[in-house]
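Here the structure is laid out as structure tokens; the discussion comes afterwards.
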Amino acid sequence: MRATDKPCVITVIYGYNTCEQRKNIWETLKELAQGINMPWLIVGDFNAVLYPQDRLFGNQVQYVEIKDFTECIHDLLLNEVKWTGEYYTCTNKQQSNDRICSRLDRAFGNHDWMMEWGHIIMEYDVLLISDHAPTLFTLIPRLTTWKMRNIWLKLKALKPLFKQLNNEEFKTITHRVDKARNDLVAIQKQLNSQWSKNLMEQERSNLLNLEKWSMIEESIMKQKSRVK
């Protein structure tokens with residue numbers, strides 16, 4: 001598939017009924033991932049719950065039900081694509097206390113997909129359908145809803161500016177501290193031999209200057225120690 005001349009891969013899933021059968025899906029996805037180095041969208045009816053809250057009523061979700069699914073998503077470093085519509089996409093069409101609602105339909109994107117089209121929202125066109133029926137998905141661009149890519153681009157653009165600022169203002173911080181200290185010593189020597197109001201103002205100004213650069217130097221040292 002191509003969108004805005006950017007190649008991508010879309011994998012459509014229709015899951016098996018049992019955990020053992022679905023293990024083949026998770027292994028296949030892991031094998032596919034090894035050959036994909038572009039935006040990748042995985043979407044469909046997985047026929048499996050991912051979180052305990054994905055089933056409303058009925059038997060409580062057990063760890064064995066979500067273990068393989070969760071590990072697959074984690075191992076492939078996938079992120080769930082934003083969606084709109086009802087949370088529970090499937091029901092057993094029973095009445096009253098026998099009615100069970102589940103979330104079995106999802107969409108995931110790899111890192112490249114989220115960076116390129118993370119602002120796109122998945123909309124479920126068919127909601128609360130009967131079990132094992134296919135769900136239709138629509139891609140809805142909503143740039144204002146998911147702004148992580150825009151934030152990342154802005155931070156990337158700021159990097160050279162911060163580097164320039166560091167070189168201009170803070171790279172010679174030790175020299176500035178030494179200069180401020182030497183200037184203060186020189187003024188204090190003059191005060192010891194001849195007091196004047198002008199020298200007092202200069203001493204006060206240099207004390208503030210030395211304090212400012214000393215605090216900046218200390219802050220830089222703390223940040224470097226955290227990095228190391």
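Order determines the names: the first chain of the structure tokens is A, the second B, and so forth; residues in each chain are numbered 1 upward, and ligands are numbered 1 upward as they are shown.
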Who sits within 10 Å of region 59-69 of chain A, only C-alpha atoms, same chain under 2 positions skipped, as a PyMOL selection string: chain A and resi 18-20+22-23+25-27+46+48-57+71-74+100
Non-local contacts of region 178-192 of chain A (10 Å; only C-alpha atoms; under 4 positions in same chain excluded) as an NGL selection string: :A and (173-174 or 196-200 or 202-214)
Could you save the residues just selected, with N, CA, C and O atoms, as a PDB file, in the first residue's frame?
ATOM      1  N   ILE A 173      31.803  27.992  30.814  1.00  0.00           N
ATOM      2  CA  ILE A 173      31.269  28.378  32.109  1.00  0.00           C
ATOM      3  C   ILE A 173      32.361  28.465  33.180  1.00  0.00           C
ATOM      4  O   ILE A 173      32.367  29.383  34.008  1.00  0.00           O
ATOM      5  N   THR A 174      33.314  27.528  33.162  1.00  0.00           N
ATOM      6  CA  THR A 174      34.392  27.547  34.158  1.00  0.00           C
ATOM      7  C   THR A 174      35.236  28.803  34.016  1.00  0.00           C
ATOM      8  O   THR A 174      35.625  29.437  35.021  1.00  0.00           O
ATOM      9  N   SER A 196      35.413  53.553  48.398  1.00  0.00           N
ATOM     10  CA  SER A 196      34.597  54.510  47.663  1.00  0.00           C
ATOM     11  C   SER A 196      33.234  53.866  47.380  1.00  0.00           C
ATOM     12  O   SER A 196      33.097  52.631  47.324  1.00  0.00           O
ATOM     13  N   LYS A 197      32.252  54.713  47.211  1.00  0.00           N
ATOM     14  CA  LYS A 197      30.902  54.216  46.933  1.00  0.00           C
ATOM     15  C   LYS A 197      30.849  53.472  45.610  1.00  0.00           C
ATOM     16  O   LYS A 197      30.148  52.455  45.474  1.00  0.00           O
ATOM     17  N   ASN A 198      31.604  53.950  44.630  1.00  0.00           N
ATOM     18  CA  ASN A 198      31.633  53.311  43.319  1.00  0.00           C
ATOM     19  C   ASN A 198      32.204  51.902  43.411  1.00  0.00           C
ATOM     20  O   ASN A 198      31.677  50.948  42.801  1.00  0.00           O
ATOM     21  N   LEU A 199      33.302  51.746  44.199  1.00  0.00           N
ATOM     22  CA  LEU A 199      33.890  50.414  44.365  1.00  0.00           C
ATOM     23  C   LEU A 199      32.940  49.482  45.108  1.00  0.00           C
ATOM     24  O   LEU A 199      32.890  48.282  44.827  1.00  0.00           O
ATOM     25  N   MET A 200      32.151  50.008  46.056  1.00  0.00           N
ATOM     26  CA  MET A 200      31.171  49.197  46.787  1.00  0.00           C
ATOM     27  C   MET A 200      30.098  48.657  45.837  1.00  0.00           C
ATOM     28  O   MET A 200      29.687  47.499  45.928  1.00  0.00           O
ATOM     29  N   GLN A 202      30.522  48.209  42.633  1.00  0.00           N
ATOM     30  CA  GLN A 202      31.172  47.217  41.777  1.00  0.00           C
ATOM     31  C   GLN A 202      31.320  45.882  42.508  1.00  0.00           C
ATOM     32  O   GLN A 202      31.142  44.805  41.903  1.00  0.00           O
ATOM     33  N   GLU A 203      31.651  45.936  43.782  1.00  0.00           N
ATOM     34  CA  GLU A 203      31.783  44.699  44.559  1.00  0.00           C
ATOM     35  C   GLU A 203      30.440  43.967  44.625  1.00  0.00           C
ATOM     36  O   GLU A 203      30.360  42.742  44.437  1.00  0.00           O
ATOM     37  N   ARG A 204      29.387  44.730  44.896  1.00  0.00           N
ATOM     38  CA  ARG A 204      28.055  44.130  44.973  1.00  0.00           C
ATOM     39  C   ARG A 204      27.653  43.493  43.643  1.00  0.00           C
ATOM     40  O   ARG A 204      27.130  42.371  43.605  1.00  0.00           O
ATOM     41  N   SER A 205      27.919  44.204  42.545  1.00  0.00           N
ATOM     42  CA  SER A 205      27.571  43.694  41.223  1.00  0.00           C
ATOM     43  C   SER A 205      28.347  42.425  40.892  1.00  0.00           C
ATOM     44  O   SER A 205      27.799  41.453  40.353  1.00  0.00           O
ATOM     45  N   ASN A 206      29.645  42.417  41.236  1.00  0.00           N
ATOM     46  CA  ASN A 206      30.474  41.243  40.943  1.00  0.00           C
ATOM     47  C   ASN A 206      30.119  40.047  41.832  1.00  0.00           C
ATOM     48  O   ASN A 206      30.255  38.894  41.400  1.00  0.00           O
ATOM     49  N   LEU A 207      29.690  40.321  43.058  1.00  0.00           N
ATOM     50  CA  LEU A 207      29.225  39.228  43.927  1.00  0.00           C
ATOM     51  C   LEU A 207      28.010  38.531  43.324  1.00  0.00           C
ATOM     52  O   LEU A 207      27.920  37.294  43.308  1.00  0.00           O
ATOM     53  N   LEU A 208      27.068  39.331  42.831  1.00  0.00           N
ATOM     54  CA  LEU A 208      25.880  38.756  42.193  1.00  0.00           C
ATOM     55  C   LEU A 208      26.248  37.988  40.930  1.00  0.00           C
ATOM     56  O   LEU A 208      25.684  36.921  40.650  1.00  0.00           O
ATOM     57  N   ASN A 209      27.203  38.530  40.164  1.00  0.00           N
ATOM     58  CA  ASN A 209      27.634  37.883  38.935  1.00  0.00           C
ATOM     59  C   ASN A 209      28.306  36.537  39.224  1.00  0.00           C
ATOM     60  O   ASN A 209      28.050  35.528  38.564  1.00  0.00           O
ATOM     61  N   LEU A 210      29.185  36.535  40.262  1.00  0.00           N
ATOM     62  CA  LEU A 210      29.856  35.296  40.641  1.00  0.00           C
ATOM     63  C   LEU A 210      28.854  34.261  41.143  1.00  0.00           C
ATOM     64  O   LEU A 210      28.951  33.075  40.820  1.00  0.00           O
ATOM     65  N   GLU A 211      27.875  34.708  41.919  1.00  0.00           N
ATOM     66  CA  GLU A 211      26.855  33.796  42.433  1.00  0.00           C
ATOM     67  C   GLU A 211      26.045  33.180  41.285  1.00  0.00           C
ATOM     68  O   GLU A 211      25.768  31.976  41.283  1.00  0.00           O
ATOM     69  N   LYS A 212      25.693  34.007  40.281  1.00  0.00           N
ATOM     70  CA  LYS A 212      24.917  33.513  39.152  1.00  0.00           C
ATOM     71  C   LYS A 212      25.668  32.429  38.392  1.00  0.00           C
ATOM     72  O   LYS A 212      25.134  31.334  38.149  1.00  0.00           O
ATOM     73  N   TRP A 213      26.929  32.699  38.013  1.00  0.00           N
ATOM     74  CA  TRP A 213      27.685  31.732  37.225  1.00  0.00           C
ATOM     75  C   TRP A 213      28.058  30.503  38.033  1.00  0.00           C
ATOM     76  O   TRP A 213      28.154  29.393  37.484  1.00  0.00           O
ATOM     77  N   SER A 214      28.247  30.666  39.318  1.00  0.00           N
ATOM     78  CA  SER A 214      28.547  29.504  40.177  1.00  0.00           C
ATOM     79  C   SER A 214      27.351  28.563  40.251  1.00  0.00           C
ATOM     80  O   SER A 214      27.500  27.340  40.216  1.00  0.00           O
TER      81      SER A 214
END
Measuring between only C-alpha atoms, which one of A:Ser96, A:Trp195, A:Thr172, A:Gln164 shows the shortest distance to Ile220 (chain A)? A:Thr172
Which residues are near Ile10 (chain A)? Cut-off 12 Å, only C-alpha atoms, ignore same chain within fewer than 4 positions. Put them as an mmCIF file with N, CA, C and O atoms, in the first residue's frame.
data_model
loop_
_atom_site.group_PDB
_atom_site.id
_atom_site.type_symbol
_atom_site.label_atom_id
_atom_site.label_comp_id
_atom_site.auth_asym_id
_atom_site.auth_seq_id
_atom_site.Cartn_x
_atom_site.Cartn_y
_atom_site.Cartn_z
ATOM 1 N N MET A 1 0.850 -1.201 0.000
ATOM 2 C CA MET A 1 0.000 0.000 0.000
ATOM 3 C C MET A 1 0.876 1.239 0.000
ATOM 4 O O MET A 1 1.942 1.260 0.591
ATOM 5 N N ARG A 2 0.395 2.346 -0.659
ATOM 6 C CA ARG A 2 1.109 3.612 -0.627
ATOM 7 C C ARG A 2 0.164 4.711 -0.179
ATOM 8 O O ARG A 2 -0.953 4.794 -0.635
ATOM 9 N N ALA A 3 0.657 5.531 0.738
ATOM 10 C CA ALA A 3 -0.110 6.684 1.202
ATOM 11 C C ALA A 3 0.825 7.876 1.181
ATOM 12 O O ALA A 3 1.872 7.858 1.803
ATOM 13 N N LEU A 29 3.472 -13.343 13.105
ATOM 14 C CA LEU A 29 3.727 -11.898 13.179
ATOM 15 C C LEU A 29 5.189 -11.622 13.518
ATOM 16 O O LEU A 29 5.807 -10.698 12.969
ATOM 17 N N LEU A 32 7.188 -12.189 10.393
ATOM 18 C CA LEU A 32 6.983 -11.099 9.438
ATOM 19 C C LEU A 32 7.768 -9.858 9.841
ATOM 20 O O LEU A 32 8.333 -9.155 8.992
ATOM 21 N N ALA A 33 7.801 -9.586 11.136
ATOM 22 C CA ALA A 33 8.447 -8.368 11.628
ATOM 23 C C ALA A 33 9.923 -8.315 11.262
ATOM 24 O O ALA A 33 10.483 -7.224 11.070
ATOM 25 N N ILE A 36 10.366 -6.517 7.897
ATOM 26 C CA ILE A 36 9.661 -5.248 7.674
ATOM 27 C C ILE A 36 10.483 -4.096 8.249
ATOM 28 O O ILE A 36 10.766 -4.067 9.451
ATOM 29 N N MET A 38 9.627 -0.710 7.409
ATOM 30 C CA MET A 38 8.840 0.443 6.986
ATOM 31 C C MET A 38 7.594 0.513 7.867
ATOM 32 O O MET A 38 7.359 -0.381 8.684
ATOM 33 N N PRO A 39 6.769 1.541 7.733
ATOM 34 C CA PRO A 39 5.545 1.625 8.519
ATOM 35 C C PRO A 39 4.693 0.366 8.356
ATOM 36 O O PRO A 39 4.441 -0.089 7.240
ATOM 37 N N TRP A 40 4.218 -0.169 9.497
ATOM 38 C CA TRP A 40 3.483 -1.435 9.493
ATOM 39 C C TRP A 40 2.245 -1.301 10.366
ATOM 40 O O TRP A 40 2.335 -0.946 11.537
ATOM 41 N N LEU A 41 1.084 -1.566 9.793
ATOM 42 C CA LEU A 41 -0.181 -1.541 10.515
ATOM 43 C C LEU A 41 -0.732 -2.963 10.588
ATOM 44 O O LEU A 41 -0.831 -3.648 9.571
ATOM 45 N N ILE A 42 -1.087 -3.397 11.796
ATOM 46 C CA ILE A 42 -1.684 -4.715 12.013
ATOM 47 C C ILE A 42 -3.087 -4.480 12.555
ATOM 48 O O ILE A 42 -3.261 -3.891 13.621
ATOM 49 N N VAL A 43 -4.098 -4.943 11.843
ATOM 50 C CA VAL A 43 -5.466 -4.589 12.191
ATOM 51 C C VAL A 43 -6.384 -5.774 11.953
ATOM 52 O O VAL A 43 -6.140 -6.602 11.079
ATOM 53 N N GLY A 44 -7.449 -5.858 12.754
ATOM 54 C CA GLY A 44 -8.444 -6.895 12.500
ATOM 55 C C GLY A 44 -9.075 -7.439 13.761
ATOM 56 O O GLY A 44 -8.975 -6.860 14.850
ATOM 57 N N ALA A 107 -6.155 -2.349 16.419
ATOM 58 C CA ALA A 107 -5.188 -1.964 15.387
ATOM 59 C C ALA A 107 -3.899 -1.552 16.080
ATOM 60 O O ALA A 107 -3.923 -0.806 17.060
ATOM 61 N N PHE A 108 -2.782 -2.044 15.563
ATOM 62 C CA PHE A 108 -1.469 -1.734 16.133
ATOM 63 C C PHE A 108 -0.548 -1.225 15.037
ATOM 64 O O PHE A 108 -0.651 -1.625 13.874
ATOM 65 N N GLY A 109 0.363 -0.344 15.442
ATOM 66 C CA GLY A 109 1.358 0.162 14.496
ATOM 67 C C GLY A 109 2.749 0.026 15.076
ATOM 68 O O GLY A 109 2.939 0.153 16.295
ATOM 69 N N ASN A 110 3.737 -0.232 14.217
ATOM 70 C CA ASN A 110 5.113 -0.236 14.699
ATOM 71 C C ASN A 110 5.605 1.202 14.842
ATOM 72 O O ASN A 110 4.856 2.164 14.599
ATOM 73 N N TRP A 113 5.242 3.363 11.734
ATOM 74 C CA TRP A 113 3.847 3.732 11.451
ATOM 75 C C TRP A 113 3.409 4.879 12.361
ATOM 76 O O TRP A 113 2.778 5.847 11.909
#
May I have the residues within 9 Å of Tyr88 (chain A) as number ranges by chain, using only C-alpha atoms and disregarding those fewer than 4 positions away in the same chain? A: 54-56, 101-105, 127-128
Output N, CA and C atoms for every residue in the selection just made, as a PDB file, in the first residue's frame.
ATOM      1  N   ASP A  54     -11.261  -6.154  28.997  1.00  0.00           N
ATOM      2  CA  ASP A  54     -11.745  -6.331  27.625  1.00  0.00           C
ATOM      3  C   ASP A  54     -12.964  -7.243  27.529  1.00  0.00           C
ATOM      4  N   ARG A  55     -13.398  -7.825  28.652  1.00  0.00           N
ATOM      5  CA  ARG A  55     -14.620  -8.622  28.638  1.00  0.00           C
ATOM      6  C   ARG A  55     -15.557  -8.095  29.713  1.00  0.00           C
ATOM      7  N   LEU A  56     -16.774  -7.800  29.302  1.00  0.00           N
ATOM      8  CA  LEU A  56     -17.797  -7.294  30.212  1.00  0.00           C
ATOM      9  C   LEU A  56     -18.814  -8.402  30.462  1.00  0.00           C
ATOM     10  N   CYS A 101     -20.087  -8.882  26.484  1.00  0.00           N
ATOM     11  CA  CYS A 101     -19.478  -7.945  25.537  1.00  0.00           C
ATOM     12  C   CYS A 101     -17.958  -8.084  25.610  1.00  0.00           C
ATOM     13  N   SER A 102     -17.298  -8.047  24.470  1.00  0.00           N
ATOM     14  CA  SER A 102     -15.845  -8.203  24.430  1.00  0.00           C
ATOM     15  C   SER A 102     -15.221  -7.216  23.454  1.00  0.00           C
ATOM     16  N   ARG A 103     -13.968  -6.930  23.709  1.00  0.00           N
ATOM     17  CA  ARG A 103     -13.183  -6.112  22.765  1.00  0.00           C
ATOM     18  C   ARG A 103     -12.170  -7.043  22.106  1.00  0.00           C
ATOM     19  N   LEU A 104     -12.449  -7.432  20.887  1.00  0.00           N
ATOM     20  CA  LEU A 104     -11.599  -8.364  20.158  1.00  0.00           C
ATOM     21  C   LEU A 104     -10.936  -7.717  18.944  1.00  0.00           C
ATOM     22  N   ASP A 105     -11.400  -6.530  18.564  1.00  0.00           N
ATOM     23  CA  ASP A 105     -10.913  -5.853  17.351  1.00  0.00           C
ATOM     24  C   ASP A 105      -9.961  -4.732  17.738  1.00  0.00           C
ATOM     25  N   LEU A 127     -20.251  -2.032  14.935  1.00  0.00           N
ATOM     26  CA  LEU A 127     -20.056  -2.084  16.370  1.00  0.00           C
ATOM     27  C   LEU A 127     -20.980  -3.104  17.003  1.00  0.00           C
ATOM     28  N   LEU A 128     -20.509  -3.727  18.078  1.00  0.00           N
ATOM     29  CA  LEU A 128     -21.301  -4.700  18.822  1.00  0.00           C
ATOM     30  C   LEU A 128     -21.881  -5.767  17.904  1.00  0.00           C
TER      31      LEU A 128
END
Run DSSP on the backbone and grab whatever in region 8-199 of chain A lands in strand (DSSP E or B); send it over as a ChimeraX atom specification. /A:9-14,40-45,55-56,79-80,83-84,90-91,101-102,105-109,120-124,129-130,137-141
